[in-house]
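What's in final-v7.cif: mmCIF, C-alpha atoms, pLDDT in the B column; chains and numbers go by the auth columns
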data_entry
#
loop_
_atom_site.group_PDB
_atom_site.id
_atom_site.type_symbol
_atom_site.label_atom_id
_atom_site.label_comp_id
_atom_site.label_asym_id
_atom_site.label_seq_id
_atom_site.Cartn_x
_atom_site.Cartn_y
_atom_site.Cartn_z
_atom_site.B_iso_or_equiv
_atom_site.auth_seq_id
_atom_site.auth_asym_id
ATOM 1 C CA MET A 1 183.611 211.472 281.708 37.00 6 A
ATOM 2 C CA PRO A 2 183.109 208.502 279.347 40.00 7 A
ATOM 3 C CA ARG A 3 186.024 207.629 277.086 45.00 8 A
ATOM 4 C CA TRP A 4 186.196 205.360 274.057 45.00 9 A
ATOM 5 C CA GLU A 5 188.711 204.191 271.470 52.00 10 A
ATOM 6 C CA GLN A 6 186.786 204.075 268.190 50.00 11 A
ATOM 7 C CA GLY A 7 187.671 206.995 265.936 68.00 12 A
ATOM 8 C CA SER A 8 190.217 208.287 268.437 84.00 13 A
ATOM 9 C CA ALA A 9 192.708 209.575 265.857 88.00 14 A
ATOM 10 C CA ASP A 10 190.089 211.697 264.104 88.00 15 A
ATOM 11 C CA ARG A 11 188.738 213.040 267.367 92.00 16 A
ATOM 12 C CA LEU A 12 192.216 213.853 268.612 95.00 17 A
ATOM 13 C CA THR A 13 192.985 215.736 265.411 93.00 18 A
ATOM 14 C CA LYS A 14 189.744 217.689 265.636 93.00 19 A
ATOM 15 C CA ALA A 15 190.264 218.450 269.326 96.00 20 A
ATOM 16 C CA ALA A 16 193.861 219.541 268.770 96.00 21 A
ATOM 17 C CA LEU A 17 192.931 221.942 265.979 95.00 22 A
ATOM 18 C CA GLU A 18 190.152 223.448 268.083 96.00 23 A
ATOM 19 C CA LEU A 19 192.507 224.039 270.997 97.00 24 A
ATOM 20 C CA PHE A 20 195.337 225.337 268.814 97.00 25 A
ATOM 21 C CA GLU A 21 192.907 227.874 267.347 96.00 26 A
ATOM 22 C CA GLU A 22 191.388 228.823 270.696 96.00 27 A
ATOM 23 C CA GLN A 23 194.500 229.225 272.811 95.00 28 A
ATOM 24 C CA GLY A 24 197.511 228.793 270.546 95.00 29 A
ATOM 25 C CA PHE A 25 199.769 225.850 269.826 96.00 30 A
ATOM 26 C CA GLU A 26 202.343 226.574 272.540 95.00 31 A
ATOM 27 C CA ASP A 27 199.691 226.993 275.257 96.00 32 A
ATOM 28 C CA THR A 28 197.947 223.708 274.465 97.00 33 A
ATOM 29 C CA SER A 29 198.989 220.520 276.248 97.00 34 A
ATOM 30 C CA VAL A 30 198.588 216.878 275.310 97.00 35 A
ATOM 31 C CA VAL A 31 196.427 216.399 278.404 97.00 36 A
ATOM 32 C CA GLU A 32 194.039 219.113 277.212 97.00 37 A
ATOM 33 C CA ILE A 33 193.841 217.568 273.740 97.00 38 A
ATOM 34 C CA ALA A 34 193.082 214.136 275.195 96.00 39 A
ATOM 35 C CA ASP A 35 190.464 215.570 277.528 96.00 40 A
ATOM 36 C CA ARG A 36 188.772 217.459 274.695 96.00 41 A
ATOM 37 C CA ALA A 37 188.736 214.269 272.588 95.00 42 A
ATOM 38 C CA ARG A 38 187.490 212.286 275.591 94.00 43 A
ATOM 39 C CA VAL A 39 190.307 209.756 275.519 94.00 44 A
ATOM 40 C CA THR A 40 193.253 209.080 277.821 94.00 45 A
ATOM 41 C CA THR A 41 196.701 210.596 277.318 95.00 46 A
ATOM 42 C CA ARG A 42 197.919 207.038 276.828 95.00 47 A
ATOM 43 C CA THR A 43 195.592 206.782 273.842 94.00 48 A
ATOM 44 C CA PHE A 44 196.970 210.056 272.496 96.00 49 A
ATOM 45 C CA PHE A 45 200.529 208.710 272.539 96.00 50 A
ATOM 46 C CA ARG A 46 199.357 205.539 270.848 94.00 51 A
ATOM 47 C CA TYR A 47 198.617 207.639 267.775 94.00 52 A
ATOM 48 C CA PHE A 48 201.029 210.578 268.009 96.00 53 A
ATOM 49 C CA PRO A 49 204.519 210.901 269.553 95.00 54 A
ATOM 50 C CA ASP A 50 203.879 214.564 270.438 95.00 55 A
ATOM 51 C CA LYS A 51 201.345 217.316 269.795 96.00 56 A
ATOM 52 C CA ARG A 52 203.187 218.568 266.711 95.00 57 A
ATOM 53 C CA GLU A 53 202.660 215.275 264.940 94.00 58 A
ATOM 54 C CA VAL A 54 198.897 215.747 265.074 94.00 59 A
ATOM 55 C CA LEU A 55 199.511 218.231 262.248 94.00 60 A
ATOM 56 C CA PHE A 56 202.043 216.090 260.369 92.00 61 A
ATOM 57 C CA ALA A 57 200.749 212.553 260.860 88.00 62 A
ATOM 58 C CA GLU A 58 200.112 212.024 257.142 87.00 63 A
ATOM 59 C CA SER A 59 203.490 213.343 255.942 90.00 64 A
ATOM 60 C CA ASP A 60 205.166 209.986 255.351 90.00 65 A
ATOM 61 C CA ARG A 61 202.178 208.558 253.498 91.00 66 A
ATOM 62 C CA ILE A 62 201.924 211.653 251.318 93.00 67 A
ATOM 63 C CA ARG A 63 205.642 211.633 250.501 95.00 68 A
ATOM 64 C CA THR A 64 205.570 207.953 249.548 96.00 69 A
ATOM 65 C CA ALA A 65 202.539 208.411 247.291 96.00 70 A
ATOM 66 C CA LEU A 66 204.001 211.476 245.552 97.00 71 A
ATOM 67 C CA VAL A 67 207.373 209.844 244.903 97.00 72 A
ATOM 68 C CA GLN A 68 205.648 206.744 243.538 97.00 73 A
ATOM 69 C CA ALA A 69 203.664 208.943 241.155 97.00 74 A
ATOM 70 C CA ILE A 70 206.922 210.224 239.678 97.00 75 A
ATOM 71 C CA LEU A 71 208.365 206.730 239.396 97.00 76 A
ATOM 72 C CA ASP A 72 205.152 205.593 237.660 97.00 77 A
ATOM 73 C CA ALA A 73 204.935 208.538 235.232 97.00 78 A
ATOM 74 C CA PRO A 74 204.545 207.285 231.625 95.00 79 A
ATOM 75 C CA GLU A 75 207.473 209.413 230.449 95.00 80 A
ATOM 76 C CA VAL A 76 209.751 212.113 231.872 96.00 81 A
ATOM 77 C CA THR A 77 210.772 214.156 228.838 96.00 82 A
ATOM 78 C CA GLU A 78 209.209 217.175 230.578 96.00 83 A
ATOM 79 C CA PRO A 79 210.325 216.738 234.205 97.00 84 A
ATOM 80 C CA LEU A 80 208.717 219.995 235.365 96.00 85 A
ATOM 81 C CA GLN A 81 205.324 218.766 234.204 96.00 86 A
ATOM 82 C CA VAL A 82 205.964 215.376 235.806 97.00 87 A
ATOM 83 C CA VAL A 83 206.479 217.044 239.198 98.00 88 A
ATOM 84 C CA ILE A 84 203.411 219.248 238.830 97.00 89 A
ATOM 85 C CA THR A 85 201.262 216.322 237.692 96.00 90 A
ATOM 86 C CA ALA A 86 202.387 214.213 240.666 97.00 91 A
ATOM 87 C CA LEU A 87 201.419 216.990 243.065 96.00 92 A
ATOM 88 C CA THR A 88 198.067 217.810 241.503 94.00 93 A
ATOM 89 C CA GLY A 89 197.188 214.140 241.115 92.00 94 A
ATOM 90 C CA PHE A 90 197.239 213.530 244.866 93.00 95 A
ATOM 91 C CA ASP A 91 193.905 213.687 246.693 89.00 96 A
ATOM 92 C CA TRP A 92 194.490 216.739 248.892 87.00 97 A
ATOM 93 C CA THR A 93 190.776 216.979 249.590 77.00 98 A
ATOM 94 C CA GLY A 94 190.767 213.657 251.487 71.00 99 A
ATOM 95 C CA PRO A 95 190.626 215.189 254.981 65.00 100 A
ATOM 96 C CA GLY A 96 188.438 218.012 253.698 74.00 101 A
ATOM 97 C CA ARG A 97 189.320 221.487 252.468 81.00 102 A
ATOM 98 C CA GLU A 98 188.182 223.159 255.703 84.00 103 A
ATOM 99 C CA LEU A 99 190.438 220.923 257.804 86.00 104 A
ATOM 100 C CA GLN A 100 193.330 221.675 255.469 87.00 105 A
ATOM 101 C CA ARG A 101 192.650 225.409 255.784 89.00 106 A
ATOM 102 C CA ARG A 102 192.655 225.246 259.572 90.00 107 A
ATOM 103 C CA ARG A 103 195.838 223.164 259.648 91.00 108 A
ATOM 104 C CA HIS A 104 197.514 225.593 257.245 91.00 109 A
ATOM 105 C CA ALA A 105 196.557 228.572 259.437 92.00 110 A
ATOM 106 C CA VAL A 106 197.852 226.967 262.645 95.00 111 A
ATOM 107 C CA ILE A 107 201.199 226.111 261.033 95.00 112 A
ATOM 108 C CA ALA A 108 201.589 229.564 259.469 92.00 113 A
ATOM 109 C CA ALA A 109 201.043 231.204 262.863 93.00 114 A
ATOM 110 C CA ASN A 110 203.817 229.259 264.618 95.00 115 A
ATOM 111 C CA PRO A 111 207.480 229.625 263.511 95.00 116 A
ATOM 112 C CA GLY A 112 208.450 226.227 264.908 94.00 117 A
ATOM 113 C CA LEU A 113 205.655 224.476 263.049 95.00 118 A
ATOM 114 C CA LEU A 114 206.407 226.396 259.882 95.00 119 A
ATOM 115 C CA GLU A 115 210.025 225.300 260.088 96.00 120 A
ATOM 116 C CA ARG A 116 208.918 221.694 260.489 95.00 121 A
ATOM 117 C CA GLU A 117 206.605 222.041 257.488 95.00 122 A
ATOM 118 C CA LEU A 118 209.456 223.402 255.355 95.00 123 A
ATOM 119 C CA ILE A 119 211.695 220.519 256.435 95.00 124 A
ATOM 120 C CA LYS A 120 208.990 218.038 255.433 94.00 125 A
ATOM 121 C CA GLN A 121 208.664 219.772 252.070 95.00 126 A
ATOM 122 C CA ASN A 122 212.418 219.652 251.558 96.00 127 A
ATOM 123 C CA ASP A 123 212.390 215.917 252.314 95.00 128 A
ATOM 124 C CA ILE A 124 209.839 215.496 249.537 96.00 129 A
ATOM 125 C CA ALA A 125 211.947 217.603 247.172 97.00 130 A
ATOM 126 C CA ILE A 126 215.045 215.489 247.784 98.00 131 A
ATOM 127 C CA GLU A 127 213.149 212.290 247.048 97.00 132 A
ATOM 128 C CA PHE A 128 211.596 213.850 243.945 98.00 133 A
ATOM 129 C CA ILE A 129 215.063 214.676 242.642 98.00 134 A
ATOM 130 C CA HIS A 130 216.279 211.148 243.259 98.00 135 A
ATOM 131 C CA ALA A 131 213.157 209.674 241.648 98.00 136 A
ATOM 132 C CA LEU A 132 213.618 211.795 238.517 98.00 137 A
ATOM 133 C CA GLN A 133 217.262 210.773 238.323 98.00 138 A
ATOM 134 C CA ARG A 134 216.227 207.132 238.581 97.00 139 A
ATOM 135 C CA ARG A 135 213.998 207.799 235.582 97.00 140 A
ATOM 136 C CA GLY A 136 216.988 209.121 233.631 97.00 141 A
ATOM 137 C CA VAL A 137 216.649 212.874 234.160 97.00 142 A
ATOM 138 C CA GLU A 138 219.976 214.681 234.459 97.00 143 A
ATOM 139 C CA GLU A 139 220.697 215.942 237.982 97.00 144 A
ATOM 140 C CA ALA A 140 220.591 219.699 237.307 97.00 145 A
ATOM 141 C CA ALA A 141 217.333 219.362 235.380 97.00 146 A
ATOM 142 C CA ALA A 142 215.858 217.168 238.127 98.00 147 A
ATOM 143 C CA ARG A 143 216.750 219.728 240.785 98.00 148 A
ATOM 144 C CA LEU A 144 215.389 222.695 238.878 97.00 149 A
ATOM 145 C CA ALA A 145 212.220 220.906 237.791 97.00 150 A
ATOM 146 C CA THR A 146 211.553 219.796 241.370 98.00 151 A
ATOM 147 C CA ARG A 147 212.066 223.192 242.982 97.00 152 A
ATOM 148 C CA ALA A 148 210.148 225.082 240.301 96.00 153 A
ATOM 149 C CA GLY A 149 207.325 222.541 240.208 97.00 154 A
ATOM 150 C CA MET A 150 206.896 222.520 243.960 97.00 155 A
ATOM 151 C CA GLN A 151 206.823 226.322 244.054 96.00 156 A
ATOM 152 C CA VAL A 152 204.191 226.441 241.322 96.00 157 A
ATOM 153 C CA PHE A 153 202.051 223.991 243.254 96.00 158 A
ATOM 154 C CA ALA A 154 202.640 225.804 246.568 95.00 159 A
ATOM 155 C CA THR A 155 201.367 229.020 244.977 94.00 160 A
ATOM 156 C CA ALA A 156 198.206 227.299 243.767 94.00 161 A
ATOM 157 C CA TYR A 157 197.712 225.384 247.027 92.00 162 A
ATOM 158 C CA ALA A 158 197.929 228.544 249.138 91.00 163 A
ATOM 159 C CA HIS A 159 195.235 230.171 246.990 90.00 164 A
ATOM 160 C CA TRP A 160 193.092 227.049 247.179 90.00 165 A
ATOM 161 C CA VAL A 161 193.332 226.500 250.925 87.00 166 A
ATOM 162 C CA GLU A 162 193.079 230.158 251.957 84.00 167 A
ATOM 163 C CA GLY A 163 190.459 231.283 249.460 78.00 168 A
ATOM 164 C CA ASP A 164 186.715 231.035 249.733 70.00 169 A
ATOM 165 C CA ASP A 165 185.877 231.243 246.038 70.00 170 A
ATOM 166 C CA GLY A 166 185.522 227.484 245.536 74.00 171 A
ATOM 167 C CA ALA A 167 188.356 227.432 243.002 82.00 172 A
ATOM 168 C CA ASP A 168 189.562 224.033 241.810 88.00 173 A
ATOM 169 C CA LEU A 169 193.113 223.145 242.873 90.00 174 A
ATOM 170 C CA ARG A 170 194.014 221.634 239.512 92.00 175 A
ATOM 171 C CA GLU A 171 192.789 224.714 237.662 93.00 176 A
ATOM 172 C CA LEU A 172 194.735 226.972 240.009 94.00 177 A
ATOM 173 C CA THR A 173 197.862 224.894 239.413 95.00 178 A
ATOM 174 C CA ASP A 174 197.372 225.090 235.651 94.00 179 A
ATOM 175 C CA ALA A 175 197.044 228.862 235.939 94.00 180 A
ATOM 176 C CA ALA A 176 200.230 229.111 238.023 94.00 181 A
ATOM 177 C CA THR A 177 202.064 226.919 235.495 94.00 182 A
ATOM 178 C CA ALA A 178 200.884 229.119 232.639 93.00 183 A
ATOM 179 C CA LEU A 179 202.069 232.199 234.520 92.00 184 A
ATOM 180 C CA LEU A 180 205.493 230.653 235.017 91.00 185 A
ATOM 181 C CA ARG A 181 205.785 229.962 231.315 88.00 186 A
ATOM 182 C CA THR A 182 205.049 233.627 230.504 90.00 187 A
ATOM 183 C CA LEU A 183 207.990 234.592 232.697 89.00 188 A
ATOM 184 C CA LEU A 184 210.315 232.424 230.626 78.00 189 A
ATOM 185 C CA PRO A 185 209.847 233.444 226.975 70.00 190 A
ATOM 186 C CA ALA A 186 211.761 231.503 224.367 67.00 191 A
ATOM 187 C CA ASP A 187 215.097 233.187 223.641 61.00 192 A
ATOM 188 C CA PRO A 188 217.018 231.888 220.637 50.00 193 A
ATOM 189 C CA SER A 189 220.124 233.703 221.889 57.00 194 A
ATOM 190 C CA GLY A 190 220.029 231.960 225.283 54.00 195 A
ATOM 191 C CA PRO A 191 222.477 229.271 226.467 52.00 196 A
ATOM 192 C CA SER A 192 222.594 225.968 224.660 45.00 197 A
ATOM 193 C CA PRO A 193 221.157 222.847 226.332 45.00 198 A
ATOM 194 C CA ALA A 194 224.683 221.624 227.059 41.00 199 A
ATOM 195 C CA GLU A 195 225.735 224.656 229.067 45.00 200 A
ATOM 196 C CA PRO A 196 223.577 224.175 232.190 45.00 201 A
ATOM 197 C CA ARG A 197 225.081 220.732 232.745 44.00 202 A
ATOM 198 C CA SER A 198 228.531 222.251 233.190 40.00 203 A
ATOM 199 C CA ARG A 199 227.134 224.371 236.050 41.00 204 A
ATOM 200 C CA ALA A 200 225.146 221.637 237.799 41.00 205 A
ATOM 201 C CA ARG A 201 227.219 221.854 240.978 41.00 206 A
ATOM 202 C CA TYR A 202 226.040 225.433 241.551 37.00 207 A
ATOM 203 C CA LEU A 203 222.333 224.563 241.613 43.00 208 A
ATOM 204 C CA PRO A 204 220.695 224.129 245.038 47.00 209 A
#
File written out as structure tokens:
Amino acid sequence: MPRWEQGSADRLTKAALELFEEQGFEDTSVVEIADRARVTTRTFFRYFPDKREVLFAESDRIRTALVQAILDAPEVTEPLQVVITALTGFDWTGPGRELQRRRHAVIAANPGLLERELIKQNDIAIEFIHALQRRGVEEAAARLATRAGMQVFATAYAHWVEGDDGADLRELTDAATALLRTLLPADPSGPSPAEPRSRARYLP
């Protein structure tokens, strides 16, 4: 069987997703992925340390770009919006919506992969918090804005990647943000701005 190097990473990713869908992640081997992509196993390990990383190869690049977006934000007086803007401003359509949908489905079907995905997301959250603090946002506000903003985006992203209605990710995120705001009506009798700071240590 002829083998070649050009475009190997893309072919390996495509082959891995096909096999994960056909026979499950656990029952797919690196050898099978390499064979399907028509490259050697040595070539596989040149690009990925293990078969899981086929699904997470872009994680570091994405995290770096998102954190930089927060550091480059014109102003941070509304840290929740800064987080949401950083997430929606990234080009999630780069690899294609269909590829994202397939990746999302494979991860959701495997507890080990889902755990890894959540760890990656938490790594991003921690760096978001630190980036907001570097911009002068108080720690409790940075933590809450990060967690709430990431959940808003996750809600919109799940709709976008799982749906077939052609909805725009930015519009879905705006809708999720608007929904969040309806759940938090202004309450003049609520705690003063100073009070949450005294409870910062209790926030996750």
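Pairwise distance (atom CA of Val81 of chain A, atom CA of Ser64 of chain A) equals 24.9 Å.
For the file at hand, the PyMOL selection byres ((chain A and resi 160-169) around 9) resolves to Arg102, Glu103, Gln105, Arg106, Arg107, His109, Ala110, Met155, Gln156, Val157, Phe158, Ala159, Asp170, Gly171, Ala172, Asp173, Leu174, Arg175, Glu176, Leu177, Thr178, Asp179, Ala180 and Ala181 of chain A.
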Name the residues that the PyMOL selection byres ((chain A and resi 122) around 10) picks from the file above, as a compact mmCIF listing (two decimals) with C-alpha atoms, in the coordinates of the input, using the file's chain letters and numbers.
# COMPACT_ATOMS: atom_id res chain seq x y z
CA LEU A 60 199.51 218.23 262.25
CA PHE A 61 202.04 216.09 260.37
CA SER A 64 203.49 213.34 255.94
CA HIS A 109 197.51 225.59 257.24
CA ILE A 112 201.20 226.11 261.03
CA ALA A 113 201.59 229.56 259.47
CA PRO A 116 207.48 229.62 263.51
CA GLY A 117 208.45 226.23 264.91
CA LEU A 118 205.66 224.48 263.05
CA LEU A 119 206.41 226.40 259.88
CA GLU A 120 210.02 225.30 260.09
CA ARG A 121 208.92 221.69 260.49
CA LEU A 123 209.46 223.40 255.36
CA ILE A 124 211.70 220.52 256.44
CA LYS A 125 208.99 218.04 255.43
CA GLN A 126 208.66 219.77 252.07
CA ASN A 127 212.42 219.65 251.56
CA ASP A 128 212.39 215.92 252.31
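Protein and nucleic acid residues near (194.4, 224.2, 265.4) are Thr18, Lys19, Ala20, Ala21, Leu22, Glu23, Leu24, Phe25, Glu26, Glu27, Gln28, Gly29, Phe30, Leu60, Arg107, Arg108, His109, Ala110, Val111 and Ile112 of chain A, the criterion being any atom at most 9 Å away using all atoms listed in the file.
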Of A:Leu149, A:Leu17, A:Leu185, A:Ala42, the one sitting nearest Phe133 of chain A when using all atoms listed in the file is A:Leu149
As a check of understanding: the span from atom CA of Leu137 of chain A to atom CA of Ala62 of chain A is 25.8 Å
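Coordinates place atom CA of Ile129 of chain A at a distance of 15.4 Å from atom CA of Pro84 of chain A.
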Using only C-alpha atoms, collect all residues at a distance of at most 10 Å from (206.4, 219.4, 236.9) as written in the file, then present them as a PyMOL selection string. chain A and resi 75+81+83-93+147+149-158+182
Could you tell me which residues the PyMOL selection byres ((chain A and resi 40) around 12) returns for this structure, as a count of residues only? 26
Shortest interatomic distance to Phe95 of chain A - which of A:Thr187, A:Asn115, A:Gln138, A:Gln73, counting only C-alpha atoms: A:Gln73
